[in-house]
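Notes follow the structure.
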Amino acid sequence: MPGTPPPSNPAQLNADDGNSTRAARGELPHPPVFEDKYEEREWLKFRLAQAFRIFGHNGYDEGVAGHITMRDNIRPDCFWVNPMGKHFKLIQPRDLILVDHDGKLQEGSGPFKMLNTAAFMIHSQIHKARPDVMCAAHSHSIYGRAFSTLGKELDIITQDSCAFYKDHVVYESFGGIVLDEEEGKRIAETVGKKKAAILQNHGILVATNSIESTVHFYIALEKSCQVQLLADAAAAGTGRATAKVNEKDAEYTYKVIGTNLAGWFSGLPQFQALEDEENVRFKFSSSTKVSIMPA
């Protein structure tokens, strides 16, 4: 059995976050702290379903392709994932299915029990290899897909792309739809300890230790791909090259905006906006310590 996922508390996010807390003044919020692990599971499922709806609103869908997984906080050898064939915008906690690392559906899964094989082959290997990963996301979003055809890493050309400075890879061995275990293992090995990957001729993938962070960095990577496509086209049209951020400044900026805490905090507004739009919020018990910002 792999190691347990990181606990949902401030230490989980602050452990490797260097200068992130210097980006704001005042007391930062932190994830809810639960006494009841089953309440925590319901919260995480609620949050994961929200993440799917955020992806849906951003247009990160292509037929039945795309998936976000969340390691179960009680059974870390299992993860929750969307049922294949249901639109991201429609997914609710009750729809999620629970599978183990052998692809067997577990008790508590939603009524529509169809597992996307590619989702399982990629995500099971990432969750196996990375006990620190709570949440992983992959979809066929437009700009990530377009950029993936170049077979190259991002150029660090903006402040925002610094979030991926030396923290993303390119998986070059496109072998069609990922339907076998070995392909999933190769992807996980290529990702290594990085938080993001550009899957050549395929799309993008992000894996971090919180749902909020994964959502934020996925959106940020998609937008960074878009910005570079635009910048490269503009540079080609003027006969110039894009200006790159120097190594020292890129590293410093990464330590502020590229860490787990920065990703978690930066992801909160996406969930706030969704909650305001839907007017649906999780009902915490009185014993749970909550300091996340309300919508």
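The chains in the structure tokens are called A, B, ... from first to last as shown; in each chain the residues are counted from 1, and the ligands are counted from 1 in the order shown.
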Dump as CSV the rows for residues of range 78-192 of chain A within 8 Å of range 200-217 of chain A: closest atom pair and distance in Å with one decimal, only C-alpha atoms counted, ordered by chain and rising residue number.
```
residue,atom,partner,partner_atom,distance
A:Asp132,CA,A:Asn209,CA,5.9
A:Val133,CA,A:Asn209,CA,4.6
A:Met134,CA,A:Asn209,CA,4.4
A:Cys135,CA,A:Ile211,CA,5.4
A:Ala136,CA,A:Ala207,CA,4.1
A:Ala137,CA,A:Val206,CA,5.3
A:His138,CA,A:Leu205,CA,4.5
A:Ser139,CA,A:Gly203,CA,6.5
A:His140,CA,A:Gly203,CA,5.2
A:Ser141,CA,A:Gly203,CA,6.8
A:Gly144,CA,A:Gly203,CA,5.2
A:Arg145,CA,A:Gly203,CA,4.2
A:Ala146,CA,A:Gly203,CA,7.7
A:Phe147,CA,A:Gly203,CA,8.0
A:Ser148,CA,A:Gln200,CA,4.6
A:Thr149,CA,A:Asn201,CA,4.7
A:Leu150,CA,A:Gln200,CA,7.4
A:Gly151,CA,A:Gln200,CA,5.4
A:Val170,CA,A:Gln200,CA,6.7
A:Tyr171,CA,A:Gln200,CA,5.8
A:Glu172,CA,A:Gln200,CA,5.2
A:Ser173,CA,A:Gln200,CA,7.1
A:Phe174,CA,A:Gln200,CA,6.1
```
Review point. So which residues touch Lys289 in chain A within 12 Å, counting only C-alpha atoms, skipping near sequence neighbours fewer than 2 positions away, as a VMD selection string?
Key: chain A and resid 8 to 10 29 to 36 40 284 to 287 291 to 292
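We find CA of Asn58 in chain A and CA of Ala119 in chain A to be spaced 19.9 Å apart.
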Exercise for review: May I have the residues within 7 Å of range 80-95 of chain A as a VMD selection string, using only C-alpha atoms and disregarding those fewer than 5 positions away in the same chain?
Suggested key: chain A and resid 45 to 46 49 52 to 53 55 to 57 64 67 to 72 110 to 116
Dump C-alpha atoms for the selected residues as a PDB file, in the first residue's frame?
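result.pdb, written as the output of this step:
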```pdb
ATOM      1  CA  LYS A  45     -15.730  14.588  -2.742  1.00  0.00           C
ATOM      2  CA  PHE A  46     -17.716  17.842  -2.678  1.00  0.00           C
ATOM      3  CA  ALA A  49     -17.141  17.547  -7.932  1.00  0.00           C
ATOM      4  CA  PHE A  52     -15.119  19.082 -12.485  1.00  0.00           C
ATOM      5  CA  ARG A  53     -17.755  21.780 -12.834  1.00  0.00           C
ATOM      6  CA  PHE A  55     -13.338  22.497 -15.725  1.00  0.00           C
ATOM      7  CA  GLY A  56     -16.672  22.242 -17.510  1.00  0.00           C
ATOM      8  CA  HIS A  57     -17.260  25.986 -17.284  1.00  0.00           C
ATOM      9  CA  VAL A  64     -15.724  11.655 -22.944  1.00  0.00           C
ATOM     10  CA  HIS A  67     -10.419  13.135 -15.817  1.00  0.00           C
ATOM     11  CA  ILE A  68      -9.553  14.410 -12.367  1.00  0.00           C
ATOM     12  CA  THR A  69      -8.693  11.994  -9.587  1.00  0.00           C
ATOM     13  CA  MET A  70      -8.486  12.433  -5.817  1.00  0.00           C
ATOM     14  CA  ARG A  71      -6.754  10.019  -3.478  1.00  0.00           C
ATOM     15  CA  ASP A  72      -9.154   8.772  -0.816  1.00  0.00           C
ATOM     16  CA  GLY A 110     -21.923   6.309  -7.744  1.00  0.00           C
ATOM     17  CA  PRO A 111     -24.708   4.682  -9.773  1.00  0.00           C
ATOM     18  CA  PHE A 112     -23.028   5.071 -13.182  1.00  0.00           C
ATOM     19  CA  LYS A 113     -20.093   2.682 -12.855  1.00  0.00           C
ATOM     20  CA  MET A 114     -18.167   3.150 -16.100  1.00  0.00           C
ATOM     21  CA  LEU A 115     -14.440   3.708 -15.616  1.00  0.00           C
ATOM     22  CA  ASN A 116     -12.375   5.469 -18.271  1.00  0.00           C
TER      23      ASN A 116
END
```
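The spacing separating CA of His101 in chain A from CA of Arg186 in chain A amounts to 16.1 Å.
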Review point. Between CA of His123 in chain A and CA of Lys194 in chain A, what is the distance, to one decimal in Å?
Key: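 Between these atoms lies a distance of 14.5 Å.
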Exercise for review: From range 10-217 of chain A, collect each residue whose DSSP state is strand (DSSP E or B) and return the set as a VMD selection string.
Suggested key: chain A and resid 33 62 65 67 to 71 78 to 81 97 to 100 105 135 to 139 168 to 171 196 to 199 203 to 208
Review point. Quick one: DSSP alpha helix (DSSP H) residues in range 45-282 of chain A, as number ranges by chain?
Key: A: 45-57, 117-129, 142-148, 181-191, 211-238, 247-257, 260-278
Point to revise | Shell of 8 Å around Ile74 in chain A, only C-alpha atoms, local chain residues under 2 positions omitted, as a PyMOL selection string | key: chain A and resi 37-38+41+72+76
